[in-house]
>>> print(open('structure_17.pdb').read())   # PDB, N, CA and C atoms, pLDDT in the B column
ATOM      1  N   ASP A   1      -5.478  13.970  34.605  1.00 90.00           N
ATOM      2  CA  ASP A   1      -4.933  14.625  33.428  1.00 90.00           C
ATOM      3  C   ASP A   1      -3.526  14.136  33.100  1.00 90.00           C
ATOM      4  N   PHE A   2      -3.238  12.892  33.405  1.00 95.00           N
ATOM      5  CA  PHE A   2      -1.917  12.319  33.139  1.00 95.00           C
ATOM      6  C   PHE A   2      -2.075  11.000  32.379  1.00 95.00           C
ATOM      7  N   TRP A   3      -1.108  10.713  31.498  1.00 96.00           N
ATOM      8  CA  TRP A   3      -0.963   9.393  30.901  1.00 96.00           C
ATOM      9  C   TRP A   3       0.177   8.708  31.622  1.00 96.00           C
ATOM     10  N   VAL A   4      -0.030   7.464  32.000  1.00 97.00           N
ATOM     11  CA  VAL A   4       0.985   6.709  32.728  1.00 97.00           C
ATOM     12  C   VAL A   4       1.605   5.684  31.774  1.00 97.00           C
ATOM     13  N   TYR A   5       2.926   5.804  31.579  1.00 97.00           N
ATOM     14  CA  TYR A   5       3.673   4.895  30.710  1.00 97.00           C
ATOM     15  C   TYR A   5       4.579   4.020  31.557  1.00 97.00           C
ATOM     16  N   GLY A   6       4.419   2.732  31.415  1.00 95.00           N
ATOM     17  CA  GLY A   6       5.278   1.777  32.104  1.00 95.00           C
ATOM     18  C   GLY A   6       6.322   1.244  31.133  1.00 95.00           C
ATOM     19  N   PHE A   7       7.580   1.264  31.544  1.00 93.00           N
ATOM     20  CA  PHE A   7       8.673   0.771  30.705  1.00 93.00           C
ATOM     21  C   PHE A   7       8.961  -0.675  31.067  1.00 93.00           C
ATOM     22  N   ASP A   8       8.753  -1.546  30.087  1.00 88.00           N
ATOM     23  CA  ASP A   8       8.953  -2.968  30.298  1.00 88.00           C
ATOM     24  C   ASP A   8       9.489  -3.575  29.014  1.00 88.00           C
ATOM     25  N   GLY A   9      10.598  -4.277  29.102  1.00 85.00           N
ATOM     26  CA  GLY A   9      11.244  -4.870  27.939  1.00 85.00           C
ATOM     27  C   GLY A   9      10.391  -5.870  27.193  1.00 85.00           C
ATOM     28  N   LYS A  10       9.322  -6.350  27.810  1.00 85.00           N
ATOM     29  CA  LYS A  10       8.444  -7.328  27.159  1.00 85.00           C
ATOM     30  C   LYS A  10       7.380  -6.668  26.283  1.00 85.00           C
ATOM     31  N   SER A  11       7.270  -5.354  26.365  1.00 90.00           N
ATOM     32  CA  SER A  11       6.288  -4.644  25.556  1.00 90.00           C
ATOM     33  C   SER A  11       6.652  -4.733  24.080  1.00 90.00           C
ATOM     34  N   LYS A  12       5.669  -4.623  23.224  1.00 94.00           N
ATOM     35  CA  LYS A  12       5.903  -4.645  21.777  1.00 94.00           C
ATOM     36  C   LYS A  12       6.111  -3.237  21.213  1.00 94.00           C
ATOM     37  N   LYS A  13       5.696  -2.208  21.930  1.00 96.00           N
ATOM     38  CA  LYS A  13       5.752  -0.827  21.432  1.00 96.00           C
ATOM     39  C   LYS A  13       7.008  -0.122  21.939  1.00 96.00           C
ATOM     40  N   ASN A  14       7.775   0.447  21.010  1.00 97.00           N
ATOM     41  CA  ASN A  14       8.983   1.184  21.360  1.00 97.00           C
ATOM     42  C   ASN A  14       8.612   2.585  21.861  1.00 97.00           C
ATOM     43  N   PHE A  15       9.276   3.049  22.889  1.00 97.00           N
ATOM     44  CA  PHE A  15       8.935   4.353  23.462  1.00 97.00           C
ATOM     45  C   PHE A  15       9.193   5.499  22.493  1.00 97.00           C
ATOM     46  N   THR A  16      10.067   5.316  21.500  1.00 97.00           N
ATOM     47  CA  THR A  16      10.339   6.380  20.539  1.00 97.00           C
ATOM     48  C   THR A  16       9.206   6.530  19.521  1.00 97.00           C
ATOM     49  N   ASP A  17       8.274   5.587  19.491  1.00 97.00           N
ATOM     50  CA  ASP A  17       7.128   5.668  18.586  1.00 97.00           C
ATOM     51  C   ASP A  17       5.950   6.428  19.191  1.00 97.00           C
ATOM     52  N   ILE A  18       6.087   6.832  20.440  1.00 96.00           N
ATOM     53  CA  ILE A  18       5.008   7.538  21.143  1.00 96.00           C
ATOM     54  C   ILE A  18       5.076   9.028  20.820  1.00 96.00           C
ATOM     55  N   GLU A  19       3.922   9.655  20.644  1.00 93.00           N
ATOM     56  CA  GLU A  19       3.859  11.116  20.515  1.00 93.00           C
ATOM     57  C   GLU A  19       3.734  11.673  21.926  1.00 93.00           C
ATOM     58  N   TRP A  20       4.834  12.088  22.493  1.00 94.00           N
ATOM     59  CA  TRP A  20       4.879  12.531  23.882  1.00 94.00           C
ATOM     60  C   TRP A  20       4.290  13.926  24.000  1.00 94.00           C
ATOM     61  N   GLN A  21       3.024  13.982  24.388  1.00 89.00           N
ATOM     62  CA  GLN A  21       2.341  15.261  24.576  1.00 89.00           C
ATOM     63  C   GLN A  21       1.597  15.235  25.894  1.00 89.00           C
ATOM     64  N   GLY A  22       1.291  16.393  26.393  1.00 91.00           N
ATOM     65  CA  GLY A  22       0.543  16.488  27.639  1.00 91.00           C
ATOM     66  C   GLY A  22       1.384  16.103  28.842  1.00 91.00           C
ATOM     67  N   ASN A  23       0.711  15.732  29.908  1.00 95.00           N
ATOM     68  CA  ASN A  23       1.369  15.356  31.156  1.00 95.00           C
ATOM     69  C   ASN A  23       1.547  13.847  31.203  1.00 95.00           C
ATOM     70  N   ASN A  24       2.748  13.414  31.527  1.00 96.00           N
ATOM     71  CA  ASN A  24       3.053  11.983  31.536  1.00 96.00           C
ATOM     72  C   ASN A  24       3.744  11.582  32.831  1.00 96.00           C
ATOM     73  N   ILE A  25       3.426  10.389  33.272  1.00 96.00           N
ATOM     74  CA  ILE A  25       4.112   9.764  34.396  1.00 96.00           C
ATOM     75  C   ILE A  25       4.848   8.557  33.844  1.00 96.00           C
ATOM     76  N   LEU A  26       6.111   8.401  34.232  1.00 96.00           N
ATOM     77  CA  LEU A  26       6.935   7.311  33.726  1.00 96.00           C
ATOM     78  C   LEU A  26       7.224   6.331  34.852  1.00 96.00           C
ATOM     79  N   LEU A  27       6.915   5.055  34.634  1.00 94.00           N
ATOM     80  CA  LEU A  27       7.189   3.997  35.600  1.00 94.00           C
ATOM     81  C   LEU A  27       8.255   3.082  35.012  1.00 94.00           C
ATOM     82  N   PHE A  28       9.330   2.866  35.761  1.00 90.00           N
ATOM     83  CA  PHE A  28      10.412   2.002  35.297  1.00 90.00           C
ATOM     84  C   PHE A  28      10.445   0.732  36.131  1.00 90.00           C
ATOM     85  N   GLY A  29      10.728  -0.390  35.463  1.00 77.00           N
ATOM     86  CA  GLY A  29      10.841  -1.669  36.145  1.00 77.00           C
ATOM     87  C   GLY A  29      12.256  -1.907  36.624  1.00 77.00           C
ATOM     88  N   SER A  30      12.444  -2.975  37.347  1.00 70.00           N
ATOM     89  CA  SER A  30      13.773  -3.310  37.851  1.00 70.00           C
ATOM     90  C   SER A  30      14.579  -4.028  36.777  1.00 70.00           C
ATOM     91  N   GLU A  31      15.876  -3.970  36.910  1.00 62.00           N
ATOM     92  CA  GLU A  31      16.767  -4.600  35.939  1.00 62.00           C
ATOM     93  C   GLU A  31      16.529  -6.104  35.907  1.00 62.00           C
ATOM     94  N   GLY A  32      16.386  -6.638  34.715  1.00 61.00           N
ATOM     95  CA  GLY A  32      16.190  -8.084  34.564  1.00 61.00           C
ATOM     96  C   GLY A  32      14.738  -8.502  34.637  1.00 61.00           C
ATOM     97  N   SER A  33      14.076  -8.292  35.755  1.00 64.00           N
ATOM     98  CA  SER A  33      12.706  -8.792  35.919  1.00 64.00           C
ATOM     99  C   SER A  33      11.639  -7.831  35.416  1.00 64.00           C
ATOM    100  N   GLY A  34      11.999  -6.607  35.122  1.00 65.00           N
ATOM    101  CA  GLY A  34      11.016  -5.643  34.614  1.00 65.00           C
ATOM    102  C   GLY A  34      10.073  -5.157  35.693  1.00 65.00           C
ATOM    103  N   MET A  35       8.904  -4.684  35.266  1.00 73.00           N
ATOM    104  CA  MET A  35       7.935  -4.167  36.227  1.00 73.00           C
ATOM    105  C   MET A  35       7.156  -5.302  36.858  1.00 73.00           C
ATOM    106  N   HIS A  36       6.867  -5.143  38.116  1.00 75.00           N
ATOM    107  CA  HIS A  36       6.024  -6.122  38.807  1.00 75.00           C
ATOM    108  C   HIS A  36       4.597  -5.976  38.299  1.00 75.00           C
ATOM    109  N   GLN A  37       3.861  -7.062  38.299  1.00 76.00           N
ATOM    110  CA  GLN A  37       2.485  -7.040  37.818  1.00 76.00           C
ATOM    111  C   GLN A  37       1.659  -6.016  38.586  1.00 76.00           C
ATOM    112  N   HIS A  38       1.905  -5.890  39.875  1.00 77.00           N
ATOM    113  CA  HIS A  38       1.173  -4.922  40.694  1.00 77.00           C
ATOM    114  C   HIS A  38       1.422  -3.496  40.204  1.00 77.00           C
ATOM    115  N   THR A  39       2.653  -3.195  39.815  1.00 83.00           N
ATOM    116  CA  THR A  39       2.988  -1.855  39.334  1.00 83.00           C
ATOM    117  C   THR A  39       2.444  -1.628  37.930  1.00 83.00           C
ATOM    118  N   SER A  40       2.563  -2.606  37.049  1.00 87.00           N
ATOM    119  CA  SER A  40       2.156  -2.420  35.657  1.00 87.00           C
ATOM    120  C   SER A  40       0.653  -2.204  35.493  1.00 87.00           C
ATOM    121  N   LYS A  41      -0.131  -2.629  36.468  1.00 89.00           N
ATOM    122  CA  LYS A  41      -1.583  -2.433  36.344  1.00 89.00           C
ATOM    123  C   LYS A  41      -1.965  -0.953  36.421  1.00 89.00           C
ATOM    124  N   TYR A  42      -1.065  -0.104  36.914  1.00 91.00           N
ATOM    125  CA  TYR A  42      -1.333   1.329  36.989  1.00 91.00           C
ATOM    126  C   TYR A  42      -0.957   2.068  35.708  1.00 91.00           C
ATOM    127  N   ALA A  43      -0.325   1.382  34.769  1.00 95.00           N
ATOM    128  CA  ALA A  43       0.097   2.014  33.523  1.00 95.00           C
ATOM    129  C   ALA A  43      -1.030   2.004  32.495  1.00 95.00           C
ATOM    130  N   ASP A  44      -1.186   3.123  31.809  1.00 96.00           N
ATOM    131  CA  ASP A  44      -2.125   3.174  30.691  1.00 96.00           C
ATOM    132  C   ASP A  44      -1.541   2.465  29.477  1.00 96.00           C
ATOM    133  N   PHE A  45      -0.211   2.558  29.333  1.00 96.00           N
ATOM    134  CA  PHE A  45       0.489   1.969  28.196  1.00 96.00           C
ATOM    135  C   PHE A  45       1.792   1.349  28.675  1.00 96.00           C
ATOM    136  N   LEU A  46       2.191   0.247  28.059  1.00 95.00           N
ATOM    137  CA  LEU A  46       3.500  -0.345  28.309  1.00 95.00           C
ATOM    138  C   LEU A  46       4.352  -0.128  27.062  1.00 95.00           C
ATOM    139  N   VAL A  47       5.558   0.366  27.267  1.00 96.00           N
ATOM    140  CA  VAL A  47       6.488   0.632  26.175  1.00 96.00           C
ATOM    141  C   VAL A  47       7.856   0.079  26.548  1.00 96.00           C
ATOM    142  N   LYS A  48       8.723  -0.040  25.543  1.00 94.00           N
ATOM    143  CA  LYS A  48      10.056  -0.570  25.814  1.00 94.00           C
ATOM    144  C   LYS A  48      11.117   0.328  25.205  1.00 94.00           C
ATOM    145  N   ILE A  49      12.330   0.161  25.698  1.00 95.00           N
ATOM    146  CA  ILE A  49      13.513   0.771  25.104  1.00 95.00           C
ATOM    147  C   ILE A  49      14.142  -0.316  24.244  1.00 95.00           C
ATOM    148  N   GLU A  50      14.268  -0.041  22.971  1.00 95.00           N
ATOM    149  CA  GLU A  50      14.827  -1.034  22.048  1.00 95.00           C
ATOM    150  C   GLU A  50      16.316  -1.204  22.330  1.00 95.00           C
ATOM    151  N   ILE A  51      16.725  -2.435  22.644  1.00 93.00           N
ATOM    152  CA  ILE A  51      18.132  -2.749  22.868  1.00 93.00           C
ATOM    153  C   ILE A  51      18.503  -3.975  22.040  1.00 93.00           C
ATOM    154  N   LYS A  52      19.789  -4.189  21.861  1.00 93.00           N
ATOM    155  CA  LYS A  52      20.257  -5.339  21.082  1.00 93.00           C
ATOM    156  C   LYS A  52      19.857  -6.633  21.777  1.00 93.00           C
ATOM    157  N   PRO A  53      19.563  -7.663  20.987  1.00 90.00           N
ATOM    158  CA  PRO A  53      19.100  -8.940  21.563  1.00 90.00           C
ATOM    159  C   PRO A  53      20.092  -9.578  22.545  1.00 90.00           C
ATOM    160  N   ASN A  54      21.379  -9.327  22.366  1.00 93.00           N
ATOM    161  CA  ASN A  54      22.355  -9.945  23.266  1.00 93.00           C
ATOM    162  C   ASN A  54      22.515  -9.181  24.583  1.00 93.00           C
ATOM    163  N   VAL A  55      21.830  -8.035  24.736  1.00 90.00           N
ATOM    164  CA  VAL A  55      21.832  -7.285  26.000  1.00 90.00           C
ATOM    165  C   VAL A  55      20.563  -7.676  26.751  1.00 90.00           C
ATOM    166  N   GLU A  56      20.740  -8.239  27.938  1.00 84.00           N
ATOM    167  CA  GLU A  56      19.582  -8.752  28.684  1.00 84.00           C
ATOM    168  C   GLU A  56      18.663  -7.635  29.155  1.00 84.00           C
ATOM    169  N   SER A  57      19.240  -6.582  29.755  1.00 84.00           N
ATOM    170  CA  SER A  57      18.424  -5.488  30.290  1.00 84.00           C
ATOM    171  C   SER A  57      19.315  -4.295  30.588  1.00 84.00           C
ATOM    172  N   LEU A  58      18.680  -3.182  30.904  1.00 88.00           N
ATOM    173  CA  LEU A  58      19.380  -1.965  31.316  1.00 88.00           C
ATOM    174  C   LEU A  58      19.040  -1.683  32.775  1.00 88.00           C
ATOM    175  N   ASN A  59      19.968  -1.064  33.498  1.00 88.00           N
ATOM    176  CA  ASN A  59      19.596  -0.681  34.858  1.00 88.00           C
ATOM    177  C   ASN A  59      18.771   0.600  34.805  1.00 88.00           C
ATOM    178  N   ILE A  60      18.136   0.936  35.891  1.00 90.00           N
ATOM    179  CA  ILE A  60      17.164   2.031  35.884  1.00 90.00           C
ATOM    180  C   ILE A  60      17.803   3.384  35.560  1.00 90.00           C
ATOM    181  N   SER A  61      19.037   3.619  35.998  1.00 93.00           N
ATOM    182  CA  SER A  61      19.661   4.910  35.698  1.00 93.00           C
ATOM    183  C   SER A  61      19.956   5.038  34.209  1.00 93.00           C
ATOM    184  N   ASN A  62      20.370   3.950  33.562  1.00 93.00           N
ATOM    185  CA  ASN A  62      20.590   3.996  32.118  1.00 93.00           C
ATOM    186  C   ASN A  62      19.267   4.173  31.375  1.00 93.00           C
ATOM    187  N   SER A  63      18.259   3.465  31.791  1.00 94.00           N
ATOM    188  CA  SER A  63      16.945   3.585  31.159  1.00 94.00           C
ATOM    189  C   SER A  63      16.417   5.012  31.275  1.00 94.00           C
ATOM    190  N   ALA A  64      16.475   5.568  32.463  1.00 95.00           N
ATOM    191  CA  ALA A  64      15.986   6.929  32.684  1.00 95.00           C
ATOM    192  C   ALA A  64      16.782   7.933  31.854  1.00 95.00           C
ATOM    193  N   ALA A  65      18.095   7.783  31.794  1.00 97.00           N
ATOM    194  CA  ALA A  65      18.931   8.700  31.016  1.00 97.00           C
ATOM    195  C   ALA A  65      18.552   8.663  29.535  1.00 97.00           C
ATOM    196  N   ILE A  66      18.334   7.478  28.988  1.00 97.00           N
ATOM    197  CA  ILE A  66      17.945   7.347  27.579  1.00 97.00           C
ATOM    198  C   ILE A  66      16.604   8.027  27.323  1.00 97.00           C
ATOM    199  N   VAL A  67      15.635   7.742  28.168  1.00 97.00           N
ATOM    200  CA  VAL A  67      14.292   8.293  27.985  1.00 97.00           C
ATOM    201  C   VAL A  67      14.288   9.808  28.160  1.00 97.00           C
ATOM    202  N   PHE A  68      14.923  10.311  29.206  1.00 97.00           N
ATOM    203  CA  PHE A  68      14.922  11.758  29.451  1.00 97.00           C
ATOM    204  C   PHE A  68      15.673  12.509  28.356  1.00 97.00           C
ATOM    205  N   HIS A  69      16.743  11.933  27.838  1.00 97.00           N
ATOM    206  CA  HIS A  69      17.460  12.563  26.729  1.00 97.00           C
ATOM    207  C   HIS A  69      16.560  12.636  25.501  1.00 97.00           C
ATOM    208  N   HIS A  70      15.867  11.553  25.202  1.00 97.00           N
ATOM    209  CA  HIS A  70      14.960  11.534  24.049  1.00 97.00           C
ATOM    210  C   HIS A  70      13.849  12.575  24.214  1.00 97.00           C
ATOM    211  N   LEU A  71      13.237  12.628  25.387  1.00 96.00           N
ATOM    212  CA  LEU A  71      12.152  13.582  25.622  1.00 96.00           C
ATOM    213  C   LEU A  71      12.651  15.025  25.562  1.00 96.00           C
ATOM    214  N   SER A  72      13.839  15.266  26.068  1.00 95.00           N
ATOM    215  CA  SER A  72      14.435  16.597  25.997  1.00 95.00           C
ATOM    216  C   SER A  72      14.680  17.001  24.547  1.00 95.00           C
ATOM    217  N   PHE A  73      15.171  16.077  23.753  1.00 95.00           N
ATOM    218  CA  PHE A  73      15.416  16.318  22.339  1.00 95.00           C
ATOM    219  C   PHE A  73      14.124  16.664  21.605  1.00 95.00           C
ATOM    220  N   ILE A  74      13.065  15.912  21.899  1.00 93.00           N
ATOM    221  CA  ILE A  74      11.766  16.171  21.260  1.00 93.00           C
ATOM    222  C   ILE A  74      11.253  17.558  21.612  1.00 93.00           C
ATOM    223  N   LYS A  75      11.276  17.899  22.884  1.00 91.00           N
ATOM    224  CA  LYS A  75      10.765  19.201  23.324  1.00 91.00           C
ATOM    225  C   LYS A  75      11.586  20.346  22.747  1.00 91.00           C
ATOM    226  N   LYS A  76      12.896  20.146  22.669  1.00 92.00           N
ATOM    227  CA  LYS A  76      13.789  21.176  22.135  1.00 92.00           C
ATOM    228  C   LYS A  76      13.519  21.446  20.656  1.00 92.00           C
ATOM    229  N   ASN A  77      13.152  20.399  19.914  1.00 89.00           N
ATOM    230  CA  ASN A  77      12.958  20.525  18.472  1.00 89.00           C
ATOM    231  C   ASN A  77      11.504  20.672  18.052  1.00 89.00           C
ATOM    232  N   SER A  78      10.620  20.918  19.012  1.00 82.00           N
ATOM    233  CA  SER A  78       9.204  21.100  18.640  1.00 82.00           C
ATOM    234  C   SER A  78       8.782  22.542  18.740  1.00 82.00           C
TER     235      SER A  78
END
>>> encode(input="structure_17.pdb", output="structure tokens")
Amino acid sequence: DFWVYGFDGKSKKNFTDIEWQGNNILLFGSEGSGMHQHTSKYADFLVKIEIKPNVESLNISNSAAIVFHHLSFIKKNS
């Protein structure tokens, strides 16, 4: 009863375009190299955090903070 979302900068889908409903598991990749192929195979969907092209990547604490803030905002306003 869970959807598994893997965060990877190579994905084409932005995480803010997802309708976050139900139970979700969030998988984050490592800074720079993203998620390992072994880890990404467990994701139902791959999504990314949109960042400026001149920023190579975000570290996991920054990524998690952005995502959790967005999800908190959605839940608060629904």
>>> atom_distance(input="structure_17.pdb", atom1="CA of Ser30 (chain A)", atom2="CA of Lys75 (chain A)")
27.0 Å
>>> closest_atom_pairs(input="structure_17.pdb", of="region 25-53 of chain A", to="region 5-18 of chain A", cutoff="6.5 Å", atoms="only N, CA and C atoms", output="tab-separated table")
residue	atom	partner	partner_atom	distance
A:Ile25	C	A:Tyr5	N	4.1
A:Leu26	CA	A:Tyr5	C	4.6
A:Leu27	C	A:Phe7	N	4.0
A:Phe28	CA	A:Phe7	N	4.8
A:Gly29	N	A:Phe7	C	4.7
A:Gly34	CA	A:Asp8	CA	5.5
A:Met35	N	A:Asp8	CA	5.3
A:Ser40	CA	A:Gly6	CA	6.3
A:Ala43	CA	A:Gly6	N	4.9
A:Asp44	N	A:Tyr5	N	4.9
A:Phe45	C	A:Gly6	N	4.0
A:Leu46	CA	A:Gly6	C	4.3
A:Val47	C	A:Asp8	N	4.0
A:Lys48	N	A:Lys13	C	4.0
A:Ile49	N	A:Phe15	N	5.1
A:Glu50	N	A:Asn14	CA	5.7
>>> write_last_selection(input="structure_17.pdb", atoms="N, CA and C atoms", output="PDB file, in the coordinates of the input")
ATOM      1  N   ILE A  25       3.426  10.389  33.272  1.00 96.00           N
ATOM      2  CA  ILE A  25       4.112   9.764  34.396  1.00 96.00           C
ATOM      3  C   ILE A  25       4.848   8.557  33.844  1.00 96.00           C
ATOM      4  N   LEU A  26       6.111   8.401  34.232  1.00 96.00           N
ATOM      5  CA  LEU A  26       6.935   7.311  33.726  1.00 96.00           C
ATOM      6  C   LEU A  26       7.224   6.331  34.852  1.00 96.00           C
ATOM      7  N   LEU A  27       6.915   5.055  34.634  1.00 94.00           N
ATOM      8  CA  LEU A  27       7.189   3.997  35.600  1.00 94.00           C
ATOM      9  C   LEU A  27       8.255   3.082  35.012  1.00 94.00           C
ATOM     10  N   PHE A  28       9.330   2.866  35.761  1.00 90.00           N
ATOM     11  CA  PHE A  28      10.412   2.002  35.297  1.00 90.00           C
ATOM     12  C   PHE A  28      10.445   0.732  36.131  1.00 90.00           C
ATOM     13  N   GLY A  29      10.728  -0.390  35.463  1.00 77.00           N
ATOM     14  CA  GLY A  29      10.841  -1.669  36.145  1.00 77.00           C
ATOM     15  C   GLY A  29      12.256  -1.907  36.624  1.00 77.00           C
ATOM     16  N   GLY A  34      11.999  -6.607  35.122  1.00 65.00           N
ATOM     17  CA  GLY A  34      11.016  -5.643  34.614  1.00 65.00           C
ATOM     18  C   GLY A  34      10.073  -5.157  35.693  1.00 65.00           C
ATOM     19  N   MET A  35       8.904  -4.684  35.266  1.00 73.00           N
ATOM     20  CA  MET A  35       7.935  -4.167  36.227  1.00 73.00           C
ATOM     21  C   MET A  35       7.156  -5.302  36.858  1.00 73.00           C
ATOM     22  N   SER A  40       2.563  -2.606  37.049  1.00 87.00           N
ATOM     23  CA  SER A  40       2.156  -2.420  35.657  1.00 87.00           C
ATOM     24  C   SER A  40       0.653  -2.204  35.493  1.00 87.00           C
ATOM     25  N   ALA A  43      -0.325   1.382  34.769  1.00 95.00           N
ATOM     26  CA  ALA A  43       0.097   2.014  33.523  1.00 95.00           C
ATOM     27  C   ALA A  43      -1.030   2.004  32.495  1.00 95.00           C
ATOM     28  N   ASP A  44      -1.186   3.123  31.809  1.00 96.00           N
ATOM     29  CA  ASP A  44      -2.125   3.174  30.691  1.00 96.00           C
ATOM     30  C   ASP A  44      -1.541   2.465  29.477  1.00 96.00           C
ATOM     31  N   PHE A  45      -0.211   2.558  29.333  1.00 96.00           N
ATOM     32  CA  PHE A  45       0.489   1.969  28.196  1.00 96.00           C
ATOM     33  C   PHE A  45       1.792   1.349  28.675  1.00 96.00           C
ATOM     34  N   LEU A  46       2.191   0.247  28.059  1.00 95.00           N
ATOM     35  CA  LEU A  46       3.500  -0.345  28.309  1.00 95.00           C
ATOM     36  C   LEU A  46       4.352  -0.128  27.062  1.00 95.00           C
ATOM     37  N   VAL A  47       5.558   0.366  27.267  1.00 96.00           N
ATOM     38  CA  VAL A  47       6.488   0.632  26.175  1.00 96.00           C
ATOM     39  C   VAL A  47       7.856   0.079  26.548  1.00 96.00           C
ATOM     40  N   LYS A  48       8.723  -0.040  25.543  1.00 94.00           N
ATOM     41  CA  LYS A  48      10.056  -0.570  25.814  1.00 94.00           C
ATOM     42  C   LYS A  48      11.117   0.328  25.205  1.00 94.00           C
ATOM     43  N   ILE A  49      12.330   0.161  25.698  1.00 95.00           N
ATOM     44  CA  ILE A  49      13.513   0.771  25.104  1.00 95.00           C
ATOM     45  C   ILE A  49      14.142  -0.316  24.244  1.00 95.00           C
ATOM     46  N   GLU A  50      14.268  -0.041  22.971  1.00 95.00           N
ATOM     47  CA  GLU A  50      14.827  -1.034  22.048  1.00 95.00           C
ATOM     48  C   GLU A  50      16.316  -1.204  22.330  1.00 95.00           C
TER      49      GLU A  50
END
>>> select_by_dssp(input="structure_17.pdb", residues="region 1-70 of chain A", states="helix (DSSP H, G or I)", output="ChimeraX atom specification")
/A:15-17,37-40,60-70
>>> select_by_dssp(input="structure_17.pdb", residues="chain A", states="strand (DSSP E or B)", output="PyMOL selection string")
chain A and resi 2-7+14+23-28+30+34+45-48
>>> write_last_selection(input="structure_17.pdb", atoms="N, CA and C atoms", output="JSON list (two decimals), keeping the file's coordinate frame")
[["chain", "number", "residue", "atom", "x", "y", "z"],
["A", 2, "PHE", "N", -3.24, 12.89, 33.40],
["A", 2, "PHE", "CA", -1.92, 12.32, 33.14],
["A", 2, "PHE", "C", -2.08, 11.00, 32.38],
["A", 3, "TRP", "N", -1.11, 10.71, 31.50],
["A", 3, "TRP", "CA", -0.96, 9.39, 30.90],
["A", 3, "TRP", "C", 0.18, 8.71, 31.62],
["A", 4, "VAL", "N", -0.03, 7.46, 32.00],
["A", 4, "VAL", "CA", 0.98, 6.71, 32.73],
["A", 4, "VAL", "C", 1.60, 5.68, 31.77],
["A", 5, "TYR", "N", 2.93, 5.80, 31.58],
["A", 5, "TYR", "CA", 3.67, 4.89, 30.71],
["A", 5, "TYR", "C", 4.58, 4.02, 31.56],
["A", 6, "GLY", "N", 4.42, 2.73, 31.42],
["A", 6, "GLY", "CA", 5.28, 1.78, 32.10],
["A", 6, "GLY", "C", 6.32, 1.24, 31.13],
["A", 7, "PHE", "N", 7.58, 1.26, 31.54],
["A", 7, "PHE", "CA", 8.67, 0.77, 30.70],
["A", 7, "PHE", "C", 8.96, -0.68, 31.07],
["A", 14, "ASN", "N", 7.78, 0.45, 21.01],
["A", 14, "ASN", "CA", 8.98, 1.18, 21.36],
["A", 14, "ASN", "C", 8.61, 2.58, 21.86],
["A", 23, "ASN", "N", 0.71, 15.73, 29.91],
["A", 23, "ASN", "CA", 1.37, 15.36, 31.16],
["A", 23, "ASN", "C", 1.55, 13.85, 31.20],
["A", 24, "ASN", "N", 2.75, 13.41, 31.53],
["A", 24, "ASN", "CA", 3.05, 11.98, 31.54],
["A", 24, "ASN", "C", 3.74, 11.58, 32.83],
["A", 25, "ILE", "N", 3.43, 10.39, 33.27],
["A", 25, "ILE", "CA", 4.11, 9.76, 34.40],
["A", 25, "ILE", "C", 4.85, 8.56, 33.84],
["A", 26, "LEU", "N", 6.11, 8.40, 34.23],
["A", 26, "LEU", "CA", 6.94, 7.31, 33.73],
["A", 26, "LEU", "C", 7.22, 6.33, 34.85],
["A", 27, "LEU", "N", 6.92, 5.06, 34.63],
["A", 27, "LEU", "CA", 7.19, 4.00, 35.60],
["A", 27, "LEU", "C", 8.26, 3.08, 35.01],
["A", 28, "PHE", "N", 9.33, 2.87, 35.76],
["A", 28, "PHE", "CA", 10.41, 2.00, 35.30],
["A", 28, "PHE", "C", 10.44, 0.73, 36.13],
["A", 30, "SER", "N", 12.44, -2.98, 37.35],
["A", 30, "SER", "CA", 13.77, -3.31, 37.85],
["A", 30, "SER", "C", 14.58, -4.03, 36.78],
["A", 34, "GLY", "N", 12.00, -6.61, 35.12],
["A", 34, "GLY", "CA", 11.02, -5.64, 34.61],
["A", 34, "GLY", "C", 10.07, -5.16, 35.69],
["A", 45, "PHE", "N", -0.21, 2.56, 29.33],
["A", 45, "PHE", "CA", 0.49, 1.97, 28.20],
["A", 45, "PHE", "C", 1.79, 1.35, 28.68],
["A", 46, "LEU", "N", 2.19, 0.25, 28.06],
["A", 46, "LEU", "CA", 3.50, -0.34, 28.31],
["A", 46, "LEU", "C", 4.35, -0.13, 27.06],
["A", 47, "VAL", "N", 5.56, 0.37, 27.27],
["A", 47, "VAL", "CA", 6.49, 0.63, 26.18],
["A", 47, "VAL", "C", 7.86, 0.08, 26.55],
["A", 48, "LYS", "N", 8.72, -0.04, 25.54],
["A", 48, "LYS", "CA", 10.06, -0.57, 25.81],
["A", 48, "LYS", "C", 11.12, 0.33, 25.20]]
>>> closest_residue(input="structure_17.pdb", among="A:Ile60, A:His36, A:Asn24, A:Glu19", to="Ser78 (chain A)", atoms="only C-alpha atoms")
A:Glu19
>>> atom_distance(input="structure_17.pdb", atom1="CA of Trp20 (chain A)", atom2="CA of Ala65 (chain A)")
16.2 Å
>>> atom_distance(input="structure_17.pdb", atom1="atom N of Val4 (chain A)", atom2="atom N of Tyr42 (chain A)")
9.1 Å
>>> decode(input="structure_17.pdb", residues="region 23-27 of chain A", atoms="N, CA and C atoms", output="PDB file, in the first residue's frame")
ATOM      1  N   ASN A  23       0.126   6.677   0.934  1.00  0.00           N
ATOM      2  CA  ASN A  23       1.373   6.391   1.638  1.00  0.00           C
ATOM      3  C   ASN A  23       2.527   6.383   0.649  1.00  0.00           C
ATOM      4  N   ASN A  24       3.587   7.088   0.987  1.00  0.00           N
ATOM      5  CA  ASN A  24       4.729   7.209   0.080  1.00  0.00           C
ATOM      6  C   ASN A  24       6.034   6.918   0.807  1.00  0.00           C
ATOM      7  N   ILE A  25       6.936   6.302   0.082  1.00  0.00           N
ATOM      8  CA  ILE A  25       8.302   6.095   0.546  1.00  0.00           C
ATOM      9  C   ILE A  25       9.202   6.918  -0.358  1.00  0.00           C
ATOM     10  N   LEU A  26      10.135   7.654   0.240  1.00  0.00           N
ATOM     11  CA  LEU A  26      11.022   8.526  -0.519  1.00  0.00           C
ATOM     12  C   LEU A  26      12.439   7.979  -0.461  1.00  0.00           C
ATOM     13  N   LEU A  27      13.053   7.772  -1.624  1.00  0.00           N
ATOM     14  CA  LEU A  27      14.432   7.306  -1.721  1.00  0.00           C
ATOM     15  C   LEU A  27      15.272   8.432  -2.309  1.00  0.00           C
TER      16      LEU A  27
END
